[in-house]
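Text of start-v2.cif (mmCIF, C-alpha atoms and all ligand atoms) as supplied:
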```
data_work
loop_
_atom_site.group_PDB
_atom_site.id
_atom_site.type_symbol
_atom_site.label_atom_id
_atom_site.label_comp_id
_atom_site.auth_asym_id
_atom_site.auth_seq_id
_atom_site.Cartn_x
_atom_site.Cartn_y
_atom_site.Cartn_z
ATOM 1 C CA MET A 1 -0.880 4.377 25.443
ATOM 2 C CA SER A 2 -1.063 3.043 28.934
ATOM 3 C CA SER A 3 -2.385 5.793 31.227
ATOM 4 C CA ASN A 4 -4.062 9.179 31.190
ATOM 5 C CA SER A 5 -1.174 10.855 32.992
ATOM 6 C CA GLU A 6 1.207 9.676 30.247
ATOM 7 C CA GLU A 7 -1.136 11.090 27.600
ATOM 8 C CA LYS A 8 -1.169 14.475 29.337
ATOM 9 C CA ASP A 9 2.627 14.525 29.361
ATOM 10 C CA LEU A 10 2.774 14.236 25.574
ATOM 11 C CA LEU A 11 3.237 17.582 23.857
ATOM 12 C CA PHE A 12 -0.066 18.988 22.475
ATOM 13 C CA TYR A 13 -1.949 15.712 23.149
ATOM 14 C CA GLU A 14 -5.240 17.280 24.333
ATOM 15 C CA ALA A 15 -5.063 19.970 21.651
ATOM 16 C CA TYR A 16 -4.852 17.293 18.934
ATOM 17 C CA GLU A 17 -7.749 15.332 20.457
ATOM 18 C CA ASP A 18 -9.871 18.510 20.252
ATOM 19 C CA PHE A 19 -8.601 19.284 16.768
ATOM 20 C CA TYR A 20 -9.527 15.887 15.305
ATOM 21 C CA ASP A 21 -12.913 15.994 17.040
ATOM 22 C CA MET A 22 -13.617 19.345 15.398
ATOM 23 C CA ALA A 23 -12.249 18.158 12.015
ATOM 24 C CA HIS A 24 -14.630 15.172 12.116
ATOM 25 C CA LYS A 25 -17.721 17.274 12.829
ATOM 26 C CA SER A 26 -17.208 20.563 11.054
ATOM 27 C CA LYS A 27 -18.397 21.017 7.468
ATOM 28 C CA ALA A 28 -17.030 24.576 7.500
ATOM 29 C CA PHE A 29 -13.539 23.294 8.399
ATOM 30 C CA SER A 30 -13.673 20.746 5.580
ATOM 31 C CA ASP A 31 -14.706 23.462 3.104
ATOM 32 C CA PHE A 32 -11.998 25.739 4.513
ATOM 33 C CA CYS A 33 -9.334 23.042 3.907
ATOM 34 C CA LYS A 34 -10.500 22.470 0.326
ATOM 35 C CA GLU A 35 -10.333 26.169 -0.470
ATOM 36 C CA ALA A 36 -7.139 27.001 1.430
ATOM 37 C CA TYR A 37 -5.085 23.904 0.560
ATOM 38 C CA GLY A 38 -6.762 22.551 -2.597
ATOM 39 C CA GLU A 39 -7.980 19.384 -0.800
ATOM 40 C CA ASP A 40 -9.377 18.468 2.607
ATOM 41 C CA PHE A 41 -6.770 16.373 4.443
ATOM 42 C CA SER A 42 -7.822 17.855 7.845
ATOM 43 C CA GLN A 43 -4.417 19.499 7.734
ATOM 44 C CA ASP A 44 -2.918 20.873 10.866
ATOM 45 C CA GLY A 45 0.270 21.618 9.094
ATOM 46 C CA PHE A 46 1.524 23.542 6.154
ATOM 47 C CA SER A 47 0.889 21.024 3.378
ATOM 48 C CA ASP A 48 -1.212 22.057 0.442
ATOM 49 C CA ILE A 49 -2.088 19.818 -2.490
ATOM 50 C CA SER A 50 1.029 20.802 -4.473
ATOM 51 C CA GLN A 51 3.265 19.459 -1.668
ATOM 52 C CA VAL A 52 1.237 16.280 -1.235
ATOM 53 C CA ASP A 53 1.349 15.649 -4.996
ATOM 54 C CA MET A 54 5.168 15.768 -4.778
ATOM 55 C CA ILE A 55 4.902 12.422 -2.922
ATOM 56 C CA LEU A 56 3.298 10.625 -5.891
ATOM 57 C CA GLU A 57 6.522 10.085 -7.853
ATOM 58 C CA TYR A 58 7.925 7.994 -4.965
ATOM 59 C CA ILE A 59 5.053 5.498 -4.972
ATOM 60 C CA PRO A 60 5.827 2.329 -6.960
ATOM 61 C CA LYS A 61 3.232 -0.251 -8.008
ATOM 62 C CA ASP A 62 1.624 -2.130 -5.065
ATOM 63 C CA ALA A 63 3.513 0.084 -2.633
ATOM 64 C CA HIS A 64 3.174 -0.034 1.128
ATOM 65 C CA ILE A 65 3.194 3.529 2.481
ATOM 66 C CA LEU A 66 3.554 4.480 6.149
ATOM 67 C CA ASP A 67 2.426 7.938 7.331
ATOM 68 C CA VAL A 68 3.968 8.994 10.666
ATOM 69 C CA GLY A 69 1.506 11.271 12.507
ATOM 70 C CA CYS A 70 -1.205 10.332 9.986
ATOM 71 C CA GLY A 71 -4.056 12.118 11.807
ATOM 72 C CA ASN A 72 -7.407 10.886 10.464
ATOM 73 C CA GLY A 73 -5.749 9.256 7.457
ATOM 74 C CA ALA A 74 -7.184 11.621 4.839
ATOM 75 C CA MET A 75 -3.819 12.266 3.181
ATOM 76 C CA LEU A 76 -3.121 8.521 2.941
ATOM 77 C CA ARG A 77 -6.567 7.843 1.507
ATOM 78 C CA TYR A 78 -5.842 10.420 -1.213
ATOM 79 C CA LEU A 79 -2.504 8.724 -2.036
ATOM 80 C CA GLN A 80 -4.302 5.367 -2.153
ATOM 81 C CA GLN A 81 -6.992 6.711 -4.491
ATOM 82 C CA LYS A 82 -4.283 8.021 -6.825
ATOM 83 C CA THR A 83 -2.065 4.895 -6.842
ATOM 84 C CA GLY A 84 -3.886 1.890 -5.328
ATOM 85 C CA ALA A 85 -1.211 1.620 -2.613
ATOM 86 C CA TYR A 86 -1.528 -0.192 0.718
ATOM 87 C CA ILE A 87 -1.689 2.472 3.397
ATOM 88 C CA HIS A 88 -0.450 2.306 6.987
ATOM 89 C CA GLY A 89 -0.494 5.098 9.519
ATOM 90 C CA PHE A 90 -0.031 5.794 13.184
ATOM 91 C CA ASP A 91 -0.797 8.757 15.395
ATOM 92 C CA TYR A 92 -1.019 9.277 19.157
ATOM 93 C CA SER A 93 -4.498 10.793 18.843
ATOM 94 C CA LYS A 94 -7.156 8.201 19.740
ATOM 95 C CA LYS A 95 -9.877 10.265 18.048
ATOM 96 C CA ALA A 96 -7.889 10.648 14.828
ATOM 97 C CA ILE A 97 -7.191 6.916 14.610
ATOM 98 C CA LYS A 98 -10.803 6.031 15.411
ATOM 99 C CA ASN A 99 -11.949 8.229 12.515
ATOM 100 C CA ALA A 100 -9.216 6.879 10.221
ATOM 101 C CA CYS A 101 -10.405 3.313 10.921
ATOM 102 C CA LEU A 102 -14.026 4.271 10.191
ATOM 103 C CA LEU A 103 -13.013 5.195 6.639
ATOM 104 C CA GLY A 104 -10.535 2.341 6.226
ATOM 105 C CA ASN A 105 -10.604 -0.563 3.770
ATOM 106 C CA GLU A 106 -8.910 -3.938 3.279
ATOM 107 C CA LYS A 107 -5.719 -2.202 2.120
ATOM 108 C CA SER A 108 -5.428 0.131 5.113
ATOM 109 C CA ASP A 109 -4.031 -0.219 8.613
ATOM 110 C CA PHE A 110 -4.299 2.589 11.175
ATOM 111 C CA GLN A 111 -2.926 2.251 14.694
ATOM 112 C CA GLU A 112 -2.439 4.365 17.779
ATOM 113 C CA GLY A 113 1.210 4.927 18.540
ATOM 114 C CA ILE A 114 3.763 7.376 19.827
ATOM 115 C CA ILE A 115 6.657 8.551 17.679
ATOM 116 C CA GLY A 116 9.802 6.897 19.018
ATOM 117 C CA GLU A 117 7.846 4.118 20.768
ATOM 118 C CA LYS A 118 5.801 2.608 17.936
ATOM 119 C CA GLU A 119 7.568 -0.284 16.244
ATOM 120 C CA TYR A 120 7.225 -1.993 12.842
ATOM 121 C CA ASP A 121 9.105 -4.910 11.281
ATOM 122 C CA ASP A 122 12.287 -4.198 9.375
ATOM 123 C CA ASN A 123 11.967 -3.831 5.567
ATOM 124 C CA SER A 124 8.192 -3.234 5.667
ATOM 125 C CA PHE A 125 7.590 -0.088 3.585
ATOM 126 C CA ASP A 126 8.376 1.309 0.128
ATOM 127 C CA LEU A 127 7.718 4.846 1.290
ATOM 128 C CA ILE A 128 7.522 6.541 4.690
ATOM 129 C CA ILE A 129 6.098 10.053 4.877
ATOM 130 C CA CYS A 130 6.443 12.466 7.787
ATOM 131 C CA MET A 131 4.337 15.530 7.020
ATOM 132 C CA ASP A 132 4.965 18.063 9.797
ATOM 133 C CA SER A 133 5.310 15.265 12.311
ATOM 134 C CA ILE A 134 8.980 14.342 12.657
ATOM 135 C CA TYR A 135 9.476 17.254 15.096
ATOM 136 C CA PHE A 136 7.779 15.173 17.768
ATOM 137 C CA ALA A 137 10.583 12.610 17.916
ATOM 138 C CA SER A 138 12.299 13.119 21.265
ATOM 139 C CA ASP A 139 15.486 11.565 19.840
ATOM 140 C CA MET A 140 15.697 12.474 16.137
ATOM 141 C CA THR A 141 18.792 10.376 15.426
ATOM 142 C CA LYS A 142 17.236 7.286 16.943
ATOM 143 C CA PHE A 143 13.995 7.881 15.043
ATOM 144 C CA VAL A 144 15.568 8.329 11.584
ATOM 145 C CA ASN A 145 17.572 5.165 12.213
ATOM 146 C CA GLN A 146 14.331 3.361 13.092
ATOM 147 C CA ILE A 147 12.690 4.677 9.891
ATOM 148 C CA ARG A 148 15.629 3.413 7.823
ATOM 149 C CA ARG A 149 15.157 -0.056 9.323
ATOM 150 C CA TRP A 150 11.427 0.001 8.485
ATOM 151 C CA LEU A 151 12.082 0.859 4.821
ATOM 152 C CA LYS A 152 12.628 -1.843 2.241
ATOM 153 C CA PRO A 153 15.927 -1.596 0.326
ATOM 154 C CA GLY A 154 15.406 1.143 -2.280
ATOM 155 C CA GLY A 155 12.541 2.618 -0.221
ATOM 156 C CA VAL A 156 12.175 6.365 0.298
ATOM 157 C CA LEU A 157 11.690 8.684 3.262
ATOM 158 C CA PHE A 158 9.728 11.870 2.416
ATOM 159 C CA VAL A 159 9.696 14.632 5.040
ATOM 160 C CA ALA A 160 7.892 18.002 5.044
ATOM 161 C CA TYR A 161 9.760 20.097 7.594
ATOM 162 C CA GLN A 162 9.033 23.587 8.918
ATOM 163 C CA GLU A 163 11.297 25.845 10.957
ATOM 164 C CA GLY A 164 10.227 28.878 12.972
ATOM 165 C CA ASP A 165 7.207 27.113 14.455
ATOM 166 C CA VAL A 166 7.799 23.989 16.621
ATOM 167 C CA MET A 167 11.458 23.915 15.551
ATOM 168 C CA ASP A 168 13.802 26.896 15.861
ATOM 169 C CA LYS A 169 14.972 28.491 12.636
ATOM 170 C CA THR A 170 18.507 27.507 11.622
ATOM 171 C CA GLU A 171 20.725 28.685 8.792
ATOM 172 C CA ASN A 172 19.788 26.363 5.956
ATOM 173 C CA SER A 173 18.572 22.871 4.995
ATOM 174 C CA ASP A 174 21.848 21.293 6.173
ATOM 175 C CA THR A 175 21.685 22.749 9.675
ATOM 176 C CA THR A 176 18.237 21.578 10.814
ATOM 177 C CA VAL A 177 17.859 19.046 13.626
ATOM 178 C CA PHE A 178 16.664 16.544 11.003
ATOM 179 C CA ALA A 179 19.641 17.118 8.664
ATOM 180 C CA LYS A 180 22.104 16.775 11.536
ATOM 181 C CA ALA A 181 20.505 13.494 12.602
ATOM 182 C CA MET A 182 20.730 12.181 9.020
ATOM 183 C CA LYS A 183 24.412 13.117 8.858
ATOM 184 C CA LYS A 184 25.038 11.354 12.161
ATOM 185 C CA ILE A 185 23.757 8.071 10.753
ATOM 186 C CA ASP A 186 25.444 8.677 7.414
ATOM 187 C CA TRP A 187 22.215 8.713 5.377
ATOM 188 C CA GLU A 188 22.336 10.994 2.346
ATOM 189 C CA TYR A 189 19.331 13.197 1.603
ATOM 190 C CA ASP A 190 18.105 15.712 -0.959
ATOM 191 C CA ALA A 191 16.557 18.940 0.235
ATOM 192 C CA LYS A 192 14.249 21.289 -1.628
ATOM 193 C CA ASP A 193 13.651 24.754 -0.173
ATOM 194 C CA ILE A 194 9.954 25.643 -0.583
ATOM 195 C CA THR A 195 9.856 28.591 1.849
ATOM 196 C CA ASP A 196 8.582 30.908 -0.886
ATOM 197 C CA LYS A 197 5.684 28.556 -1.723
ATOM 198 C CA SER A 198 4.929 28.228 1.973
ATOM 199 C CA TYR A 199 4.614 32.027 2.284
ATOM 200 C CA ASP A 200 2.173 32.103 -0.633
ATOM 201 C CA MET A 201 0.194 29.228 0.854
ATOM 202 C CA LEU A 202 -0.102 30.980 4.227
ATOM 203 C CA THR A 203 -1.196 34.198 2.502
ATOM 204 C CA LYS A 204 -4.032 32.268 0.837
ATOM 205 C CA LYS A 205 -4.809 30.404 4.093
ATOM 206 C CA ARG A 206 -5.241 33.736 5.907
ATOM 207 C CA GLU A 207 -7.634 35.065 3.272
ATOM 208 C CA VAL A 208 -9.724 31.855 3.402
ATOM 209 C CA ALA A 209 -9.606 31.607 7.233
ATOM 210 C CA ILE A 210 -11.048 35.130 7.478
ATOM 211 C CA LYS A 211 -13.721 34.230 4.910
ATOM 212 C CA TYR A 212 -14.768 31.121 6.911
ATOM 213 C CA GLN A 213 -14.776 32.721 10.373
ATOM 214 C CA ASP A 214 -18.556 33.288 10.505
ATOM 215 C CA LYS A 215 -19.337 29.766 9.264
ATOM 216 C CA LEU A 216 -17.038 28.203 11.859
ATOM 217 C CA ILE A 217 -18.538 30.359 14.617
ATOM 218 C CA ALA A 218 -22.070 29.360 13.528
ATOM 219 C CA GLU A 219 -21.027 25.698 13.969
ATOM 220 C CA GLY A 220 -19.765 26.397 17.515
ATOM 221 C CA CYS A 221 -16.094 26.392 16.489
ATOM 222 C CA ALA A 222 -15.255 29.978 17.506
ATOM 223 C CA SER A 223 -11.882 29.149 19.044
ATOM 224 C CA TRP A 224 -10.822 27.328 15.863
ATOM 225 C CA ALA A 225 -12.002 30.246 13.730
ATOM 226 C CA GLU A 226 -9.650 32.486 15.701
ATOM 227 C CA LEU A 227 -6.776 29.980 15.728
ATOM 228 C CA LEU A 228 -6.813 29.394 11.973
ATOM 229 C CA VAL A 229 -6.273 33.104 11.403
ATOM 230 C CA MET A 230 -3.622 33.295 14.142
ATOM 231 C CA GLN A 231 -1.696 30.424 12.519
ATOM 232 C CA THR A 232 -1.054 32.746 9.584
ATOM 233 C CA ASP A 233 0.207 35.719 11.614
ATOM 234 C CA TYR A 234 3.731 34.776 10.459
ATOM 235 C CA ILE A 235 3.100 36.566 7.163
ATOM 236 C CA LEU A 236 1.996 39.882 8.648
ATOM 237 C CA ASP A 237 5.455 41.465 8.540
ATOM 238 C CA GLY A 238 5.955 40.680 4.865
ATOM 239 C CA ARG A 239 7.889 38.212 2.765
ATOM 240 C CA GLU A 240 11.400 39.361 3.715
ATOM 241 C CA LYS A 241 10.781 39.072 7.449
ATOM 242 C CA TYR A 242 9.067 35.714 6.919
ATOM 243 C CA PHE A 243 12.197 34.435 5.197
ATOM 244 C CA SER A 244 14.371 35.509 8.111
ATOM 245 C CA ASN A 245 12.116 33.773 10.673
ATOM 246 C CA MET A 246 10.812 30.687 8.874
ATOM 247 C CA SER A 247 11.893 27.961 6.460
ATOM 248 C CA ARG A 248 10.180 25.037 4.826
ATOM 249 C CA TYR A 249 11.982 22.105 3.262
ATOM 250 C CA ILE A 250 11.024 18.885 1.534
ATOM 251 C CA TYR A 251 13.619 16.230 2.300
ATOM 252 C CA THR A 252 13.844 12.887 0.520
ATOM 253 C CA ALA A 253 16.258 10.049 1.274
ATOM 254 C CA ARG A 254 16.526 6.632 -0.348
ATOM 255 C CA LYS A 255 17.589 3.541 1.573
ATOM 256 C CA LEU A 256 20.431 1.923 -0.321
ATOM 257 C CA ASP A 257 19.905 -1.599 -1.664
HETATM 258 C C1 LIG A 301 1.275 19.135 12.629
HETATM 259 S S1 LIG A 301 0.229 17.735 12.656
HETATM 260 C C2 LIG A 301 0.434 17.098 11.032
HETATM 261 C C3 LIG A 301 -0.672 16.186 10.658
HETATM 262 C C4 LIG A 301 -0.635 15.686 9.213
HETATM 263 N N1 LIG A 301 0.526 14.827 8.988
HETATM 264 C C5 LIG A 301 -0.643 16.852 8.244
HETATM 265 O O1 LIG A 301 0.345 17.054 7.510
HETATM 266 O O2 LIG A 301 -1.646 17.566 8.215
HETATM 267 C C6 LIG A 301 1.126 16.584 13.664
HETATM 268 C C7 LIG A 301 0.486 15.215 13.794
HETATM 269 O O3 LIG A 301 1.320 14.393 14.605
HETATM 270 C C8 LIG A 301 0.572 13.820 15.672
HETATM 271 N N2 LIG A 301 1.495 13.736 16.817
HETATM 272 C C9 LIG A 301 2.033 14.753 17.530
HETATM 273 N N3 LIG A 301 2.881 14.285 18.463
HETATM 274 C C10 LIG A 301 2.908 12.930 18.307
HETATM 275 C C11 LIG A 301 3.605 11.884 18.969
HETATM 276 N N4 LIG A 301 4.451 12.143 19.968
HETATM 277 N N5 LIG A 301 3.399 10.619 18.557
HETATM 278 C C12 LIG A 301 2.518 10.344 17.544
HETATM 279 N N6 LIG A 301 1.816 11.290 16.889
HETATM 280 C C13 LIG A 301 2.023 12.584 17.257
HETATM 281 C C14 LIG A 301 -0.616 14.748 15.888
HETATM 282 O O4 LIG A 301 -1.745 14.094 16.449
HETATM 283 C C15 LIG A 301 -0.866 15.237 14.464
HETATM 284 O O5 LIG A 301 -1.728 14.349 13.772
#
```
Would you give me this structure, written as structure tokens?
Ligand SMILES: C[S@@+](CC[C@H](N)C(=O)[O-])C[C@H]1O[C@@H](n2cnc3c(N)ncnc32)[C@H](O)[C@@H]1O
Amino acid sequence: MSSNSEEKDLLFYEAYEDFYDMAHKSKAFSDFCKEAYGEDFSQDGFSDISQVDMILEYIPKDAHILDVGCGNGAMLRYLQQKTGAYIHGFDYSKKAIKNACLLGNEKSDFQEGIIGEKEYDDNSFDLIICMDSIYFASDMTKFVNQIRRWLKPGGVLFVAYQEGDVMDKTENSDTTVFAKAMKKIDWEYDAKDITDKSYDMLTKKREVAIKYQDKLIAEGCASWAELLVMQTDYILDGREKYFSNMSRYIYTARKLD
């Protein structure tokens, strides 16, 4: 990134700098993540361990995986531990990338970069994951085209995609901004609706966030203690209402040989 004013113009930039600073320092947040999501990936999304484990079947031997919006790289490190893959990630947060590099190894590569601006060579990756990050592409069609170029023939794009939060809720998995962009470039995808699982996950997250409030406050993270509970307010009106306001999909798409 070239100047401070540009950084401020990026959606949520300062909030993510603060978030990754807190995630690096707070033991209570790490414990919260483990209990709420099954593993600490410093999630600021909706991915619990069951969703992350869905990625494993798309990782071949000696794979190169790219994580778009990788944060501090914890999710990638988990995938590497499970499969021995080479891991690559980029994120616009300086603090997240600094912390990712601290825990890196000879098979990891973490870089600062903005979605839509960051570039990689064609045919570089066996798998590209976008876990609650693809929303930040200012031109979705251009970005999915770019991702297709980056994938090796036979490589897979894996996207965890939420509606009703950053993105407006649409009718179904074929009407999202992402699905429309994929249709525009004639790239076939599979979609799995996991809205019900997402509701259950948020119900658990709320229970755990309330449990950890005092510990977070004791560590000086009062505003995060409040925010973690607020992030689950979507469930307060019950499952039926949640379904009418929110959706969560896992999309996968394979680049043809
Ligand atoms: C909702 S969080 C998801 C993080 C992580 N993938 C997960 O599932 O927990 C979105 C991530 O995208 C990053 N991000 C947001 N806007 C971005 C942009 N324009 N360019 C690059 N990274 C961005 C944030 O710093 C954050 O790490």
Listing only residues of chain A within 9 Å of ligand LIG 301 (chain A), what is the closest atom pair and its distance in Å (to one decimal) for each, using all atoms listed in the file, sorted by chain and residue number ascending, as CSV?
```
residue,atom,partner,partner_atom,distance
A:Leu10,CA,A:LIG301,N4,6.2
A:Leu11,CA,A:LIG301,N3,6.3
A:Phe12,CA,A:LIG301,C9,6.8
A:Tyr13,CA,A:LIG301,N3,6.9
A:Ala15,CA,A:LIG301,O4,8.5
A:Tyr16,CA,A:LIG301,O4,5.1
A:Glu17,CA,A:LIG301,O4,7.3
A:Phe19,CA,A:LIG301,O4,8.6
A:Tyr20,CA,A:LIG301,O4,8.1
A:Phe41,CA,A:LIG301,O2,6.5
A:Ser42,CA,A:LIG301,O2,6.2
A:Gln43,CA,A:LIG301,O2,3.4
A:Asp44,CA,A:LIG301,O2,4.4
A:Gly45,CA,A:LIG301,C1,4.4
A:Phe46,CA,A:LIG301,O1,6.7
A:Ser47,CA,A:LIG301,O1,5.8
A:Asp48,CA,A:LIG301,O1,8.8
A:Val52,CA,A:LIG301,O1,8.8
A:Asp67,CA,A:LIG301,N1,7.3
A:Val68,CA,A:LIG301,N6,7.0
A:Gly69,CA,A:LIG301,O3,3.8
A:Cys70,CA,A:LIG301,N1,4.9
A:Gly71,CA,A:LIG301,O5,3.8
A:Asn72,CA,A:LIG301,O5,7.4
A:Gly73,CA,A:LIG301,C4,8.4
A:Ala74,CA,A:LIG301,O2,8.8
A:Met75,CA,A:LIG301,C5,7.5
A:Phe90,CA,A:LIG301,C12,6.8
A:Asp91,CA,A:LIG301,N6,3.9
A:Tyr92,CA,A:LIG301,C12,4.0
A:Ser93,CA,A:LIG301,O4,4.9
A:Lys94,CA,A:LIG301,O4,8.7
A:Ala96,CA,A:LIG301,O4,7.2
A:Glu112,CA,A:LIG301,C12,7.8
A:Gly113,CA,A:LIG301,C12,5.7
A:Ile114,CA,A:LIG301,N5,3.5
A:Ile115,CA,A:LIG301,N5,4.0
A:Gly116,CA,A:LIG301,N5,7.4
A:Glu117,CA,A:LIG301,N5,8.2
A:Lys118,CA,A:LIG301,N5,8.4
A:Ile129,CA,A:LIG301,N1,8.4
A:Cys130,CA,A:LIG301,N1,6.5
A:Met131,CA,A:LIG301,O1,4.3
A:Asp132,CA,A:LIG301,C1,4.8
A:Ser133,CA,A:LIG301,C6,4.6
A:Ile134,CA,A:LIG301,O3,7.9
A:Tyr135,CA,A:LIG301,N3,8.0
A:Phe136,CA,A:LIG301,N4,5.0
A:Ala137,CA,A:LIG301,N4,6.5
A:Ser138,CA,A:LIG301,N4,8.0
A:Ala160,CA,A:LIG301,O1,8.0
```
**OP:** Would you translate the PyMOL selection byres (((chain A and resi 104) around 12) and not hetatm) into the concrete set of residues it matches in this file, as a ChimeraX atom specification?
**Re:** /A:72-74,76-78,80,86-89,97-103,105-111
re atom CA of A:Glu219 and atom CA of A:Lys205: distance 19.6 Å
message = I need the residue nearest A:Gln51 from this list: A:Ile194, A:Leu227, A:Ala222, A:Met246. Use only C-alpha atoms for the distance.
response =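 Checking each candidate against A:Gln51, we get A:Ile194 as the closest.
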Using only the atoms of stretch 109-118 of chain A listed in the file, plus 4 Å on each side, state the axis-aligned box centre and edge lengths in Å rounded to one decimal, as JSON.
```
{"center_x": 2.8, "center_y": 4.2, "center_z": 14.7, "size_x": 22.1, "size_y": 16.8, "size_z": 20.2}
```
Please expand the PyMOL selection byres (((chain A and resi 161) around 7) and not hetatm) into the concrete residues it hits in this file, giving the result as an MDAnalysis selection string.
chainID A and resid 132 159:160 162:163 248:250
For A:Tyr37, work out the shell of residues within 6 Å, counting all atoms listed in the file and skipping chain neighbours fewer than 3 positions away, then give it as a PyMOL selection string. chain A and resi 33-34+48-49
Write to file, as a PDB file, in the frame of the given file, the residues of the selection just made, with C-alpha atoms.
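Result file is again_35.pdb:
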```pdb
ATOM      1  CA  CYS A  33      -9.334  23.042   3.907  1.00  0.00           C
ATOM      2  CA  LYS A  34     -10.500  22.470   0.326  1.00  0.00           C
ATOM      3  CA  ASP A  48      -1.212  22.057   0.442  1.00  0.00           C
ATOM      4  CA  ILE A  49      -2.088  19.818  -2.490  1.00  0.00           C
TER       5      ILE A  49
END
```
task = Go through A:Val156, A:Ile128, A:Ala209, A:Val166 and flag the residue nearest A:Glu35, using only C-alpha atoms for the distances.
result =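 Checking each candidate against A:Glu35, we get A:Ala209 as the closest.
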Atom CA of A:Asp233 sits from atom CA of A:Thr203 at a separation of 9.3 Å
Could I see stretch 220-239 of chain A restored to N, CA and C atoms, set down as a PDB file, keeping the file's coordinate frame?
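Wrote part.pdb, looks like this:
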```pdb
ATOM      1  N   GLY A 220     -20.262  26.540  16.131  1.00  0.00           N
ATOM      2  CA  GLY A 220     -19.765  26.397  17.515  1.00  0.00           C
ATOM      3  C   GLY A 220     -18.259  26.201  17.590  1.00  0.00           C
ATOM      4  N   CYS A 221     -17.555  26.574  16.521  1.00  0.00           N
ATOM      5  CA  CYS A 221     -16.094  26.392  16.489  1.00  0.00           C
ATOM      6  C   CYS A 221     -15.366  27.737  16.556  1.00  0.00           C
ATOM      7  N   ALA A 222     -15.809  28.618  17.454  1.00  0.00           N
ATOM      8  CA  ALA A 222     -15.255  29.978  17.506  1.00  0.00           C
ATOM      9  C   ALA A 222     -13.754  29.983  17.772  1.00  0.00           C
ATOM     10  N   SER A 223     -13.316  29.111  18.700  1.00  0.00           N
ATOM     11  CA  SER A 223     -11.882  29.149  19.044  1.00  0.00           C
ATOM     12  C   SER A 223     -11.029  28.694  17.857  1.00  0.00           C
ATOM     13  N   TRP A 224     -11.572  27.771  17.052  1.00  0.00           N
ATOM     14  CA  TRP A 224     -10.822  27.328  15.863  1.00  0.00           C
ATOM     15  C   TRP A 224     -10.820  28.424  14.810  1.00  0.00           C
ATOM     16  N   ALA A 225     -11.921  29.149  14.695  1.00  0.00           N
ATOM     17  CA  ALA A 225     -12.002  30.246  13.730  1.00  0.00           C
ATOM     18  C   ALA A 225     -10.881  31.249  14.008  1.00  0.00           C
ATOM     19  N   GLU A 226     -10.684  31.524  15.292  1.00  0.00           N
ATOM     20  CA  GLU A 226      -9.650  32.486  15.701  1.00  0.00           C
ATOM     21  C   GLU A 226      -8.249  31.904  15.457  1.00  0.00           C
ATOM     22  N   LEU A 227      -8.089  30.620  15.828  1.00  0.00           N
ATOM     23  CA  LEU A 227      -6.776  29.980  15.728  1.00  0.00           C
ATOM     24  C   LEU A 227      -6.288  29.874  14.279  1.00  0.00           C
ATOM     25  N   LEU A 228      -7.220  29.554  13.380  1.00  0.00           N
ATOM     26  CA  LEU A 228      -6.813  29.394  11.973  1.00  0.00           C
ATOM     27  C   LEU A 228      -6.243  30.696  11.419  1.00  0.00           C
ATOM     28  N   VAL A 229      -6.821  31.815  11.843  1.00  0.00           N
ATOM     29  CA  VAL A 229      -6.273  33.104  11.403  1.00  0.00           C
ATOM     30  C   VAL A 229      -4.923  33.341  12.083  1.00  0.00           C
ATOM     31  N   MET A 230      -4.871  33.072  13.391  1.00  0.00           N
ATOM     32  CA  MET A 230      -3.622  33.295  14.142  1.00  0.00           C
ATOM     33  C   MET A 230      -2.453  32.492  13.584  1.00  0.00           C
ATOM     34  N   GLN A 231      -2.757  31.290  13.076  1.00  0.00           N
ATOM     35  CA  GLN A 231      -1.696  30.424  12.519  1.00  0.00           C
ATOM     36  C   GLN A 231      -1.025  31.036  11.288  1.00  0.00           C
ATOM     37  N   THR A 232      -1.640  32.113  10.769  1.00  0.00           N
ATOM     38  CA  THR A 232      -1.054  32.746   9.584  1.00  0.00           C
ATOM     39  C   THR A 232      -0.418  34.097   9.926  1.00  0.00           C
ATOM     40  N   ASP A 233      -0.352  34.426  11.201  1.00  0.00           N
ATOM     41  CA  ASP A 233       0.207  35.719  11.614  1.00  0.00           C
ATOM     42  C   ASP A 233       1.667  35.882  11.169  1.00  0.00           C
ATOM     43  N   TYR A 234       2.320  34.735  10.899  1.00  0.00           N
ATOM     44  CA  TYR A 234       3.731  34.776  10.459  1.00  0.00           C
ATOM     45  C   TYR A 234       3.943  35.670   9.239  1.00  0.00           C
ATOM     46  N   ILE A 235       2.899  35.827   8.427  1.00  0.00           N
ATOM     47  CA  ILE A 235       3.100  36.566   7.163  1.00  0.00           C
ATOM     48  C   ILE A 235       2.904  38.078   7.331  1.00  0.00           C
ATOM     49  N   LEU A 236       2.436  38.491   8.516  1.00  0.00           N
ATOM     50  CA  LEU A 236       1.996  39.882   8.648  1.00  0.00           C
ATOM     51  C   LEU A 236       3.115  40.902   8.433  1.00  0.00           C
ATOM     52  N   ASP A 237       4.340  40.516   8.706  1.00  0.00           N
ATOM     53  CA  ASP A 237       5.455  41.465   8.540  1.00  0.00           C
ATOM     54  C   ASP A 237       6.096  41.405   7.156  1.00  0.00           C
ATOM     55  N   GLY A 238       5.463  40.689   6.245  1.00  0.00           N
ATOM     56  CA  GLY A 238       5.955  40.680   4.865  1.00  0.00           C
ATOM     57  C   GLY A 238       6.898  39.528   4.562  1.00  0.00           C
ATOM     58  N   ARG A 239       7.136  39.364   3.262  1.00  0.00           N
ATOM     59  CA  ARG A 239       7.889  38.212   2.765  1.00  0.00           C
ATOM     60  C   ARG A 239       9.330  38.170   3.290  1.00  0.00           C
TER      61      ARG A 239
END
```
